[in-house]
>>> print(open('work-v6.txt').read())   # compact mmCIF, N, CA and C atoms
# COMPACT_ATOMS: atom_id res chain seq x y z
N MET D 12 36.41 -0.85 81.57
CA MET D 12 36.41 0.06 80.45
C MET D 12 35.19 -0.22 79.57
N LYS D 13 34.54 0.84 79.14
CA LYS D 13 33.38 0.71 78.26
C LYS D 13 33.72 1.30 76.91
N ARG D 14 33.49 0.52 75.85
CA ARG D 14 33.76 0.99 74.49
C ARG D 14 32.62 1.92 74.07
N LEU D 15 33.00 3.14 73.61
CA LEU D 15 32.01 4.11 73.14
C LEU D 15 31.83 4.04 71.63
N CYS D 16 32.95 4.05 70.89
CA CYS D 16 32.91 4.05 69.43
C CYS D 16 34.34 3.96 68.92
N ASP D 17 34.50 4.01 67.60
CA ASP D 17 35.84 4.15 67.00
C ASP D 17 36.15 5.63 66.89
N ARG D 18 37.40 6.01 67.06
CA ARG D 18 37.80 7.42 66.93
C ARG D 18 37.33 8.00 65.59
N ALA D 19 37.40 7.20 64.53
CA ALA D 19 37.01 7.67 63.19
C ALA D 19 35.53 8.03 63.11
N GLU D 20 34.71 7.58 64.04
CA GLU D 20 33.29 7.89 64.03
C GLU D 20 32.99 9.30 64.56
N ILE D 21 34.01 9.95 65.11
CA ILE D 21 33.86 11.34 65.57
C ILE D 21 34.74 12.19 64.67
N PRO D 22 34.16 12.90 63.71
CA PRO D 22 34.98 13.73 62.82
C PRO D 22 35.75 14.80 63.60
N ASP D 23 36.91 15.15 63.11
CA ASP D 23 37.72 16.20 63.72
C ASP D 23 36.91 17.49 63.79
N GLY D 24 36.92 18.13 64.96
CA GLY D 24 36.19 19.37 65.15
C GLY D 24 34.72 19.18 65.47
N GLU D 25 34.31 17.95 65.76
CA GLU D 25 32.91 17.68 66.09
C GLU D 25 32.81 16.90 67.39
N ALA D 26 31.58 16.66 67.83
CA ALA D 26 31.32 15.95 69.07
C ALA D 26 30.25 14.89 68.84
N ARG D 27 30.21 13.94 69.76
CA ARG D 27 29.20 12.88 69.68
C ARG D 27 28.75 12.51 71.08
N GLY D 28 27.45 12.37 71.26
CA GLY D 28 26.90 12.00 72.55
C GLY D 28 26.62 10.52 72.66
N PHE D 29 26.60 10.02 73.91
CA PHE D 29 26.37 8.61 74.18
C PHE D 29 25.47 8.49 75.41
N ASP D 30 24.50 7.59 75.33
CA ASP D 30 23.64 7.29 76.47
C ASP D 30 24.16 6.03 77.13
N LEU D 31 24.51 6.13 78.40
CA LEU D 31 25.00 4.99 79.16
C LEU D 31 24.04 4.74 80.31
N GLY D 32 23.52 3.58 80.40
CA GLY D 32 22.62 3.26 81.50
C GLY D 32 21.21 3.74 81.25
N ARG D 33 20.28 3.09 81.86
CA ARG D 33 18.86 3.41 81.70
C ARG D 33 18.19 3.31 83.07
N GLY D 34 16.91 3.61 83.10
CA GLY D 34 16.13 3.44 84.31
C GLY D 34 16.53 4.40 85.41
N ALA D 35 16.80 3.87 86.59
CA ALA D 35 17.09 4.68 87.77
C ALA D 35 18.42 5.41 87.67
N GLU D 36 19.34 4.91 86.84
CA GLU D 36 20.65 5.54 86.75
C GLU D 36 21.06 5.86 85.32
N PRO D 37 20.29 6.72 84.63
CA PRO D 37 20.71 7.10 83.28
C PRO D 37 21.95 7.98 83.34
N ARG D 38 22.78 7.89 82.35
CA ARG D 38 23.99 8.72 82.30
C ARG D 38 24.26 9.07 80.86
N GLU D 39 24.33 10.36 80.58
CA GLU D 39 24.65 10.81 79.24
C GLU D 39 26.03 11.44 79.27
N VAL D 40 26.84 11.13 78.27
CA VAL D 40 28.18 11.69 78.15
C VAL D 40 28.39 12.13 76.71
N PHE D 41 29.46 12.89 76.47
CA PHE D 41 29.80 13.25 75.10
C PHE D 41 31.31 13.37 74.97
N VAL D 42 31.77 13.22 73.73
CA VAL D 42 33.20 13.28 73.42
C VAL D 42 33.39 14.28 72.29
N VAL D 43 34.38 15.17 72.45
CA VAL D 43 34.75 16.15 71.43
C VAL D 43 36.11 15.74 70.88
N ARG D 44 36.24 15.80 69.57
CA ARG D 44 37.53 15.49 68.94
C ARG D 44 38.15 16.74 68.37
N GLU D 45 39.41 16.97 68.72
CA GLU D 45 40.23 18.04 68.12
C GLU D 45 41.53 17.39 67.67
N GLY D 46 41.61 17.09 66.39
CA GLY D 46 42.78 16.39 65.87
C GLY D 46 42.90 15.02 66.52
N ALA D 47 44.05 14.74 67.09
CA ALA D 47 44.27 13.46 67.75
C ALA D 47 43.72 13.43 69.17
N ARG D 48 43.39 14.60 69.72
CA ARG D 48 42.92 14.69 71.11
C ARG D 48 41.42 14.46 71.22
N LEU D 49 41.03 13.76 72.27
CA LEU D 49 39.63 13.55 72.60
C LEU D 49 39.37 14.08 74.00
N TYR D 50 38.26 14.75 74.17
CA TYR D 50 37.86 15.29 75.47
C TYR D 50 36.47 14.78 75.78
N GLY D 51 36.29 14.20 76.94
CA GLY D 51 35.00 13.65 77.31
C GLY D 51 34.43 14.31 78.55
N TYR D 52 33.11 14.51 78.55
CA TYR D 52 32.42 15.15 79.68
C TYR D 52 31.07 14.51 79.91
N VAL D 53 30.59 14.63 81.13
CA VAL D 53 29.21 14.27 81.43
C VAL D 53 28.32 15.31 80.76
N ASN D 54 27.25 14.87 80.13
CA ASN D 54 26.36 15.77 79.41
C ASN D 54 25.35 16.40 80.37
N ALA D 55 25.84 17.31 81.20
CA ALA D 55 24.99 18.02 82.15
C ALA D 55 25.61 19.37 82.44
N CYS D 56 24.85 20.43 82.22
CA CYS D 56 25.33 21.78 82.52
C CYS D 56 25.48 21.92 84.03
N PRO D 57 26.59 22.46 84.51
CA PRO D 57 26.76 22.62 85.96
C PRO D 57 25.80 23.64 86.57
N HIS D 58 25.15 24.44 85.73
CA HIS D 58 24.21 25.45 86.22
C HIS D 58 22.95 24.79 86.81
N ILE D 59 22.27 23.96 86.00
CA ILE D 59 21.05 23.31 86.51
C ILE D 59 20.95 21.83 86.13
N GLY D 60 21.99 21.28 85.55
CA GLY D 60 22.02 19.85 85.27
C GLY D 60 21.34 19.39 83.99
N THR D 61 20.86 20.32 83.18
CA THR D 61 20.19 19.92 81.94
C THR D 61 21.21 19.43 80.91
N PRO D 62 20.79 18.56 79.98
CA PRO D 62 21.69 18.17 78.89
C PRO D 62 22.09 19.43 78.10
N LEU D 63 23.27 19.41 77.53
CA LEU D 63 23.80 20.59 76.85
C LEU D 63 23.19 20.84 75.48
N GLU D 64 22.79 19.79 74.77
CA GLU D 64 22.33 19.95 73.40
C GLU D 64 20.82 19.80 73.29
N PHE D 65 20.21 20.55 72.33
CA PHE D 65 18.80 20.38 71.98
C PHE D 65 18.68 19.35 70.86
N THR D 66 19.64 19.39 69.93
CA THR D 66 19.68 18.49 68.78
C THR D 66 20.79 17.47 69.02
N PRO D 67 20.55 16.18 68.76
CA PRO D 67 21.58 15.18 69.01
C PRO D 67 22.94 15.55 68.41
N ASN D 68 23.96 15.40 69.20
CA ASN D 68 25.36 15.59 68.82
C ASN D 68 25.75 17.04 68.48
N GLN D 69 24.89 18.01 68.77
CA GLN D 69 25.20 19.42 68.52
C GLN D 69 25.67 20.08 69.82
N PHE D 70 26.91 19.80 70.19
CA PHE D 70 27.47 20.28 71.45
C PHE D 70 28.32 21.53 71.29
N LEU D 71 28.70 21.87 70.07
CA LEU D 71 29.67 22.95 69.86
C LEU D 71 29.01 24.18 69.25
N THR D 72 29.65 25.33 69.47
CA THR D 72 29.20 26.56 68.82
C THR D 72 29.36 26.40 67.31
N ALA D 73 28.73 27.28 66.54
CA ALA D 73 28.76 27.19 65.08
C ALA D 73 30.17 27.11 64.52
N GLY D 74 31.10 27.86 65.10
CA GLY D 74 32.49 27.84 64.64
C GLY D 74 33.33 26.74 65.27
N GLY D 75 32.75 25.99 66.21
CA GLY D 75 33.47 24.89 66.85
C GLY D 75 34.48 25.30 67.90
N GLU D 76 34.44 26.58 68.35
CA GLU D 76 35.44 27.06 69.31
C GLU D 76 35.13 26.64 70.74
N TYR D 77 33.84 26.49 71.07
CA TYR D 77 33.42 26.21 72.44
C TYR D 77 32.34 25.13 72.48
N ILE D 78 32.21 24.52 73.65
CA ILE D 78 31.05 23.68 73.95
C ILE D 78 29.95 24.64 74.38
N LEU D 79 28.74 24.43 73.89
CA LEU D 79 27.63 25.34 74.15
C LEU D 79 26.52 24.64 74.92
N CYS D 80 26.03 25.28 75.98
CA CYS D 80 24.82 24.83 76.64
C CYS D 80 23.65 25.49 75.92
N SER D 81 22.84 24.69 75.26
CA SER D 81 21.73 25.23 74.48
C SER D 81 20.61 25.80 75.35
N THR D 82 20.58 25.45 76.62
CA THR D 82 19.53 25.95 77.50
C THR D 82 19.72 27.43 77.84
N HIS D 83 20.92 27.81 78.27
CA HIS D 83 21.16 29.19 78.71
C HIS D 83 22.32 29.88 77.99
N GLY D 84 22.91 29.23 76.99
CA GLY D 84 23.96 29.87 76.21
C GLY D 84 25.33 29.89 76.86
N ALA D 85 25.54 29.12 77.92
CA ALA D 85 26.86 29.07 78.55
C ALA D 85 27.88 28.50 77.57
N LEU D 86 29.12 29.01 77.65
CA LEU D 86 30.20 28.56 76.79
C LEU D 86 31.30 27.93 77.64
N PHE D 87 31.79 26.78 77.19
CA PHE D 87 32.81 26.03 77.91
C PHE D 87 34.01 25.78 77.00
N ARG D 88 35.22 25.91 77.55
CA ARG D 88 36.42 25.58 76.78
C ARG D 88 36.42 24.07 76.53
N ILE D 89 36.79 23.69 75.34
CA ILE D 89 36.82 22.28 74.96
C ILE D 89 37.88 21.54 75.76
N GLU D 90 39.05 22.13 75.94
CA GLU D 90 40.18 21.41 76.52
C GLU D 90 40.06 21.11 78.01
N ASP D 91 39.21 21.85 78.75
CA ASP D 91 39.10 21.57 80.18
C ASP D 91 37.70 21.74 80.75
N GLY D 92 36.72 22.05 79.89
CA GLY D 92 35.34 22.16 80.34
C GLY D 92 35.03 23.36 81.21
N TYR D 93 35.96 24.32 81.26
CA TYR D 93 35.78 25.52 82.09
C TYR D 93 34.78 26.47 81.43
N CYS D 94 33.81 26.94 82.21
CA CYS D 94 32.79 27.86 81.68
C CYS D 94 33.34 29.28 81.64
N VAL D 95 33.41 29.84 80.44
CA VAL D 95 33.95 31.19 80.25
C VAL D 95 32.87 32.25 80.13
N ALA D 96 31.60 31.83 79.93
CA ALA D 96 30.50 32.79 79.80
C ALA D 96 29.19 32.10 80.11
N GLY D 97 28.28 32.85 80.70
CA GLY D 97 26.96 32.31 81.01
C GLY D 97 26.72 32.22 82.50
N PRO D 98 25.56 31.69 82.89
CA PRO D 98 25.18 31.67 84.30
C PRO D 98 26.05 30.78 85.18
N CYS D 99 26.85 29.92 84.59
CA CYS D 99 27.72 29.06 85.40
C CYS D 99 29.19 29.44 85.21
N ALA D 100 29.48 30.69 84.84
CA ALA D 100 30.86 31.15 84.64
C ALA D 100 31.71 30.79 85.84
N GLY D 101 32.87 30.22 85.56
CA GLY D 101 33.79 29.81 86.61
C GLY D 101 33.62 28.36 87.04
N MET D 102 32.52 27.74 86.64
CA MET D 102 32.31 26.32 86.96
C MET D 102 32.86 25.47 85.82
N ARG D 103 32.84 24.15 85.98
CA ARG D 103 33.37 23.25 84.96
C ARG D 103 32.40 22.10 84.69
N LEU D 104 32.49 21.59 83.47
CA LEU D 104 31.81 20.34 83.14
C LEU D 104 32.55 19.20 83.85
N ALA D 105 31.85 18.13 84.18
CA ALA D 105 32.48 16.97 84.82
C ALA D 105 33.22 16.16 83.76
N PRO D 106 34.56 16.05 83.90
CA PRO D 106 35.36 15.35 82.88
C PRO D 106 35.28 13.84 83.01
N LEU D 107 35.62 13.17 81.92
CA LEU D 107 35.67 11.72 81.86
C LEU D 107 37.08 11.26 81.54
N ALA D 108 37.43 10.08 81.99
CA ALA D 108 38.72 9.47 81.65
C ALA D 108 38.54 8.63 80.39
N LEU D 109 39.22 9.03 79.32
CA LEU D 109 39.13 8.34 78.04
C LEU D 109 40.48 7.79 77.64
N THR D 110 40.45 6.70 76.88
CA THR D 110 41.65 6.15 76.26
C THR D 110 41.27 5.69 74.86
N VAL D 111 42.26 5.64 74.00
CA VAL D 111 42.06 5.07 72.66
C VAL D 111 42.99 3.87 72.57
N ASP D 112 42.43 2.69 72.27
CA ASP D 112 43.28 1.50 72.20
C ASP D 112 43.95 1.40 70.84
N ASP D 113 44.75 0.36 70.66
CA ASP D 113 45.52 0.19 69.43
C ASP D 113 44.65 0.04 68.18
N SER D 114 43.41 -0.40 68.35
CA SER D 114 42.52 -0.56 67.20
C SER D 114 41.78 0.74 66.87
N GLY D 115 41.95 1.78 67.71
CA GLY D 115 41.27 3.05 67.49
C GLY D 115 39.95 3.18 68.23
N ALA D 116 39.64 2.22 69.09
CA ALA D 116 38.40 2.28 69.87
C ALA D 116 38.54 3.29 71.00
N VAL D 117 37.50 4.11 71.18
CA VAL D 117 37.46 5.08 72.28
C VAL D 117 36.84 4.37 73.47
N LEU D 118 37.60 4.33 74.57
CA LEU D 118 37.17 3.61 75.77
C LEU D 118 36.98 4.59 76.91
N LEU D 119 35.92 4.36 77.67
CA LEU D 119 35.62 5.18 78.85
C LEU D 119 35.95 4.38 80.09
N ASP D 120 36.80 4.93 80.94
CA ASP D 120 37.07 4.33 82.23
C ASP D 120 35.99 4.84 83.18
N GLU D 121 34.98 4.04 83.42
CA GLU D 121 33.83 4.48 84.20
C GLU D 121 34.18 4.78 85.65
N ALA D 122 35.34 4.32 86.11
CA ALA D 122 35.77 4.64 87.47
C ALA D 122 36.55 5.94 87.53
N GLY D 123 37.06 6.42 86.38
CA GLY D 123 37.88 7.63 86.33
C GLY D 123 37.07 8.90 86.21
N THR D 124 37.71 10.02 86.55
CA THR D 124 37.01 11.30 86.47
C THR D 124 37.76 12.34 85.66
N SER D 125 38.96 12.03 85.18
CA SER D 125 39.69 13.04 84.42
C SER D 125 39.78 12.64 82.97
N SER D 126 39.82 13.61 82.09
CA SER D 126 39.86 13.36 80.66
C SER D 126 41.28 13.32 80.15
N ARG D 127 41.48 12.52 79.12
CA ARG D 127 42.82 12.38 78.53
C ARG D 127 42.74 12.46 77.03
>>> encode(input="work-v6.txt", output="structure tokens")
Amino acid sequence: MKRLCDRAEIPDGEARGFDLGRGAEPREVFVVREGARLYGYVNACPHIGTPLEFTPNQFLTAGGEYILCSTHGALFRIEDGYCVAGPCAGMRLAPLALTVDDSGAVLLDEAGTSSR
């Protein structure tokens, strides 16, 4: 398990990105918080693999209803990463397995692939 941050560091209705790994195997991920729920995804659009945000931590539409790919305007549901509009409609973001421990730390199970 890899510690990403404390849950309190991600305000409700917002998202935060994390860089994991460098060099030959860089990996970018992000976590969206909706109330007590956290949703984690690999930060790569399924259309062409580009990072979703142009500005750090700006993963959501202005109203916070969807995850937005800033490259082509694709929209993804927060709860399951399903693309509802854009060039990758019908595809999904790659989910992450997350847990929150008793201290409130957000942990990434790097071996897991589903979000919790």
>>> residues_around(input="work-v6.txt", residues="stretch 88-97 of chain D", least_positions_apart="2", cutoff="8 Å", atoms="all atoms listed in the file", output="PyMOL selection string")
chain D and resi 43+49-52+75-79+83-86+99-106
>>> write_last_selection(input="work-v6.txt", atoms="N, CA and C atoms", output="CSV table (one decimal), keeping the file's coordinate frame")
chain,number,residue,atom,x,y,z
D,43,VAL,N,34.4,15.2,72.4
D,43,VAL,CA,34.8,16.2,71.4
D,43,VAL,C,36.1,15.7,70.9
D,49,LEU,N,41.0,13.8,72.3
D,49,LEU,CA,39.6,13.6,72.6
D,49,LEU,C,39.4,14.1,74.0
D,50,TYR,N,38.3,14.8,74.2
D,50,TYR,CA,37.9,15.3,75.5
D,50,TYR,C,36.5,14.8,75.8
D,51,GLY,N,36.3,14.2,76.9
D,51,GLY,CA,35.0,13.6,77.3
D,51,GLY,C,34.4,14.3,78.6
D,52,TYR,N,33.1,14.5,78.6
D,52,TYR,CA,32.4,15.2,79.7
D,52,TYR,C,31.1,14.5,79.9
D,75,GLY,N,32.8,26.0,66.2
D,75,GLY,CA,33.5,24.9,66.8
D,75,GLY,C,34.5,25.3,67.9
D,76,GLU,N,34.4,26.6,68.4
D,76,GLU,CA,35.4,27.1,69.3
D,76,GLU,C,35.1,26.6,70.7
D,77,TYR,N,33.8,26.5,71.1
D,77,TYR,CA,33.4,26.2,72.4
D,77,TYR,C,32.3,25.1,72.5
D,78,ILE,N,32.2,24.5,73.6
D,78,ILE,CA,31.0,23.7,74.0
D,78,ILE,C,30.0,24.6,74.4
D,79,LEU,N,28.7,24.4,73.9
D,79,LEU,CA,27.6,25.3,74.2
D,79,LEU,C,26.5,24.6,74.9
D,83,HIS,N,20.9,27.8,78.3
D,83,HIS,CA,21.2,29.2,78.7
D,83,HIS,C,22.3,29.9,78.0
D,84,GLY,N,22.9,29.2,77.0
D,84,GLY,CA,24.0,29.9,76.2
D,84,GLY,C,25.3,29.9,76.9
D,85,ALA,N,25.5,29.1,77.9
D,85,ALA,CA,26.9,29.1,78.6
D,85,ALA,C,27.9,28.5,77.6
D,86,LEU,N,29.1,29.0,77.6
D,86,LEU,CA,30.2,28.6,76.8
D,86,LEU,C,31.3,27.9,77.6
D,99,CYS,N,26.8,29.9,84.6
D,99,CYS,CA,27.7,29.1,85.4
D,99,CYS,C,29.2,29.4,85.2
D,100,ALA,N,29.5,30.7,84.8
D,100,ALA,CA,30.9,31.2,84.6
D,100,ALA,C,31.7,30.8,85.8
D,101,GLY,N,32.9,30.2,85.6
D,101,GLY,CA,33.8,29.8,86.6
D,101,GLY,C,33.6,28.4,87.0
D,102,MET,N,32.5,27.7,86.6
D,102,MET,CA,32.3,26.3,87.0
D,102,MET,C,32.9,25.5,85.8
D,103,ARG,N,32.8,24.2,86.0
D,103,ARG,CA,33.4,23.2,85.0
D,103,ARG,C,32.4,22.1,84.7
D,104,LEU,N,32.5,21.6,83.5
D,104,LEU,CA,31.8,20.3,83.1
D,104,LEU,C,32.6,19.2,83.8
D,105,ALA,N,31.8,18.1,84.2
D,105,ALA,CA,32.5,17.0,84.8
D,105,ALA,C,33.2,16.2,83.8
D,106,PRO,N,34.6,16.0,83.9
D,106,PRO,CA,35.4,15.4,82.9
D,106,PRO,C,35.3,13.8,83.0
>>> closest_residue(input="work-v6.txt", among="D:Phe87, D:Phe65, D:Phe41, D:Phe70", to="D:Val117", atoms="only C-alpha atoms")
D:Phe41
>>> residues_around(input="work-v6.txt", residues="D:Arg18", least_positions_apart="5", cutoff="7 Å", atoms="all atoms listed in the file", output="list in words")
Ser114, Gly115, Ala116 and Val117 of chain D
>>> write_last_selection(input="work-v6.txt", atoms="N, CA and C atoms", output="mmCIF file, in the coordinates of the input")
data_model
loop_
_atom_site.group_PDB
_atom_site.id
_atom_site.type_symbol
_atom_site.label_atom_id
_atom_site.label_comp_id
_atom_site.auth_asym_id
_atom_site.auth_seq_id
_atom_site.Cartn_x
_atom_site.Cartn_y
_atom_site.Cartn_z
ATOM 1 N N SER D 114 43.410 -0.400 68.350
ATOM 2 C CA SER D 114 42.520 -0.560 67.200
ATOM 3 C C SER D 114 41.780 0.740 66.870
ATOM 4 N N GLY D 115 41.950 1.780 67.710
ATOM 5 C CA GLY D 115 41.270 3.050 67.490
ATOM 6 C C GLY D 115 39.950 3.180 68.230
ATOM 7 N N ALA D 116 39.640 2.220 69.090
ATOM 8 C CA ALA D 116 38.400 2.280 69.870
ATOM 9 C C ALA D 116 38.540 3.290 71.000
ATOM 10 N N VAL D 117 37.500 4.110 71.180
ATOM 11 C CA VAL D 117 37.460 5.080 72.280
ATOM 12 C C VAL D 117 36.840 4.370 73.470
#
>>> residues_around(input="work-v6.txt", residues="D:Asn54", least_positions_apart="5", cutoff="6 Å", atoms="all atoms listed in the file", output="PyMOL selection string")
chain D and resi 39-41+61-63
>>> atom_distance(input="work-v6.txt", atom1="atom CA of D:Ala26", atom2="atom CA of D:Leu107")
14.2 Å
>>> axis_aligned_box(input="work-v6.txt", around="stretch 53-69 of chain D", padding_each_side="6 Å", output="JSON")
{"center_x": 24.6, "center_y": 19.9, "center_z": 77.6, "size_x": 23.9, "size_y": 23.2, "size_z": 30.4}
>>> atom_distance(input="work-v6.txt", atom1="atom CA of D:Arg44", atom2="atom CA of D:Glu64")
16.5 Å
>>> atom_distance(input="work-v6.txt", atom1="atom CA of D:Pro98", atom2="atom C of D:Thr82")
9.5 Å
>>> select_by_dssp(input="work-v6.txt", residues="stretch 22-102 of chain D", states="strand (DSSP E or B)", output="PyMOL selection string")
chain D and resi 26-31+38-45+48-53+71+77-79+86-88+93-96
>>> decode(input="work-v6.txt", residues="stretch 103-127 of chain D", atoms="N, CA and C atoms", output="short mmCIF file (atom, residue, chain, number, x, y, z; two decimals), in the first residue's frame")
data_model
loop_
_atom_site.label_atom_id
_atom_site.label_comp_id
_atom_site.auth_asym_id
_atom_site.auth_seq_id
_atom_site.Cartn_x
_atom_site.Cartn_y
_atom_site.Cartn_z
N ARG D 103 -13.60 3.75 -20.61
CA ARG D 103 -13.50 4.09 -19.19
C ARG D 103 -12.07 4.48 -18.81
N LEU D 104 -11.99 5.30 -17.78
CA LEU D 104 -10.70 5.56 -17.16
C LEU D 104 -10.28 4.30 -16.39
N ALA D 105 -8.98 4.08 -16.24
CA ALA D 105 -8.48 2.92 -15.49
C ALA D 105 -8.60 3.21 -14.00
N PRO D 106 -9.42 2.42 -13.28
CA PRO D 106 -9.66 2.67 -11.85
C PRO D 106 -8.51 2.19 -10.97
N LEU D 107 -8.46 2.74 -9.78
CA LEU D 107 -7.48 2.37 -8.77
C LEU D 107 -8.18 1.82 -7.54
N ALA D 108 -7.50 0.96 -6.82
CA ALA D 108 -8.02 0.43 -5.55
C ALA D 108 -7.53 1.33 -4.42
N LEU D 109 -8.46 2.00 -3.75
CA LEU D 109 -8.14 2.92 -2.66
C LEU D 109 -8.74 2.43 -1.36
N THR D 110 -8.08 2.78 -0.26
CA THR D 110 -8.63 2.55 1.08
C THR D 110 -8.29 3.77 1.92
N VAL D 111 -9.07 3.98 2.94
CA VAL D 111 -8.77 5.03 3.92
C VAL D 111 -8.58 4.32 5.25
N ASP D 112 -7.41 4.52 5.88
CA ASP D 112 -7.17 3.84 7.15
C ASP D 112 -7.80 4.61 8.31
N ASP D 113 -7.64 4.08 9.51
CA ASP D 113 -8.26 4.68 10.69
C ASP D 113 -7.78 6.09 10.99
N SER D 114 -6.58 6.44 10.52
CA SER D 114 -6.06 7.78 10.76
C SER D 114 -6.53 8.78 9.69
N GLY D 115 -7.23 8.29 8.65
CA GLY D 115 -7.71 9.15 7.57
C GLY D 115 -6.77 9.22 6.39
N ALA D 116 -5.72 8.39 6.39
CA ALA D 116 -4.77 8.38 5.27
C ALA D 116 -5.39 7.65 4.08
N VAL D 117 -5.23 8.23 2.89
CA VAL D 117 -5.69 7.61 1.65
C VAL D 117 -4.55 6.73 1.14
N LEU D 118 -4.85 5.44 0.99
CA LEU D 118 -3.85 4.47 0.59
C LEU D 118 -4.20 3.87 -0.76
N LEU D 119 -3.19 3.71 -1.59
CA LEU D 119 -3.35 3.11 -2.91
C LEU D 119 -2.79 1.70 -2.87
N ASP D 120 -3.62 0.73 -3.23
CA ASP D 120 -3.16 -0.64 -3.38
C ASP D 120 -2.61 -0.75 -4.80
N GLU D 121 -1.31 -0.67 -4.95
CA GLU D 121 -0.70 -0.63 -6.28
C GLU D 121 -0.89 -1.92 -7.06
N ALA D 122 -1.29 -3.00 -6.38
CA ALA D 122 -1.57 -4.25 -7.09
C ALA D 122 -3.01 -4.33 -7.55
N GLY D 123 -3.90 -3.49 -6.97
CA GLY D 123 -5.33 -3.53 -7.29
C GLY D 123 -5.69 -2.68 -8.50
N THR D 124 -6.86 -2.97 -9.07
CA THR D 124 -7.30 -2.21 -10.23
C THR D 124 -8.69 -1.63 -10.08
N SER D 125 -9.38 -1.90 -8.98
CA SER D 125 -10.72 -1.35 -8.84
C SER D 125 -10.76 -0.31 -7.76
N SER D 126 -11.62 0.66 -7.89
CA SER D 126 -11.72 1.76 -6.95
C SER D 126 -12.75 1.47 -5.89
N ARG D 127 -12.51 2.01 -4.70
CA ARG D 127 -13.43 1.80 -3.59
C ARG D 127 -13.70 3.10 -2.88
#
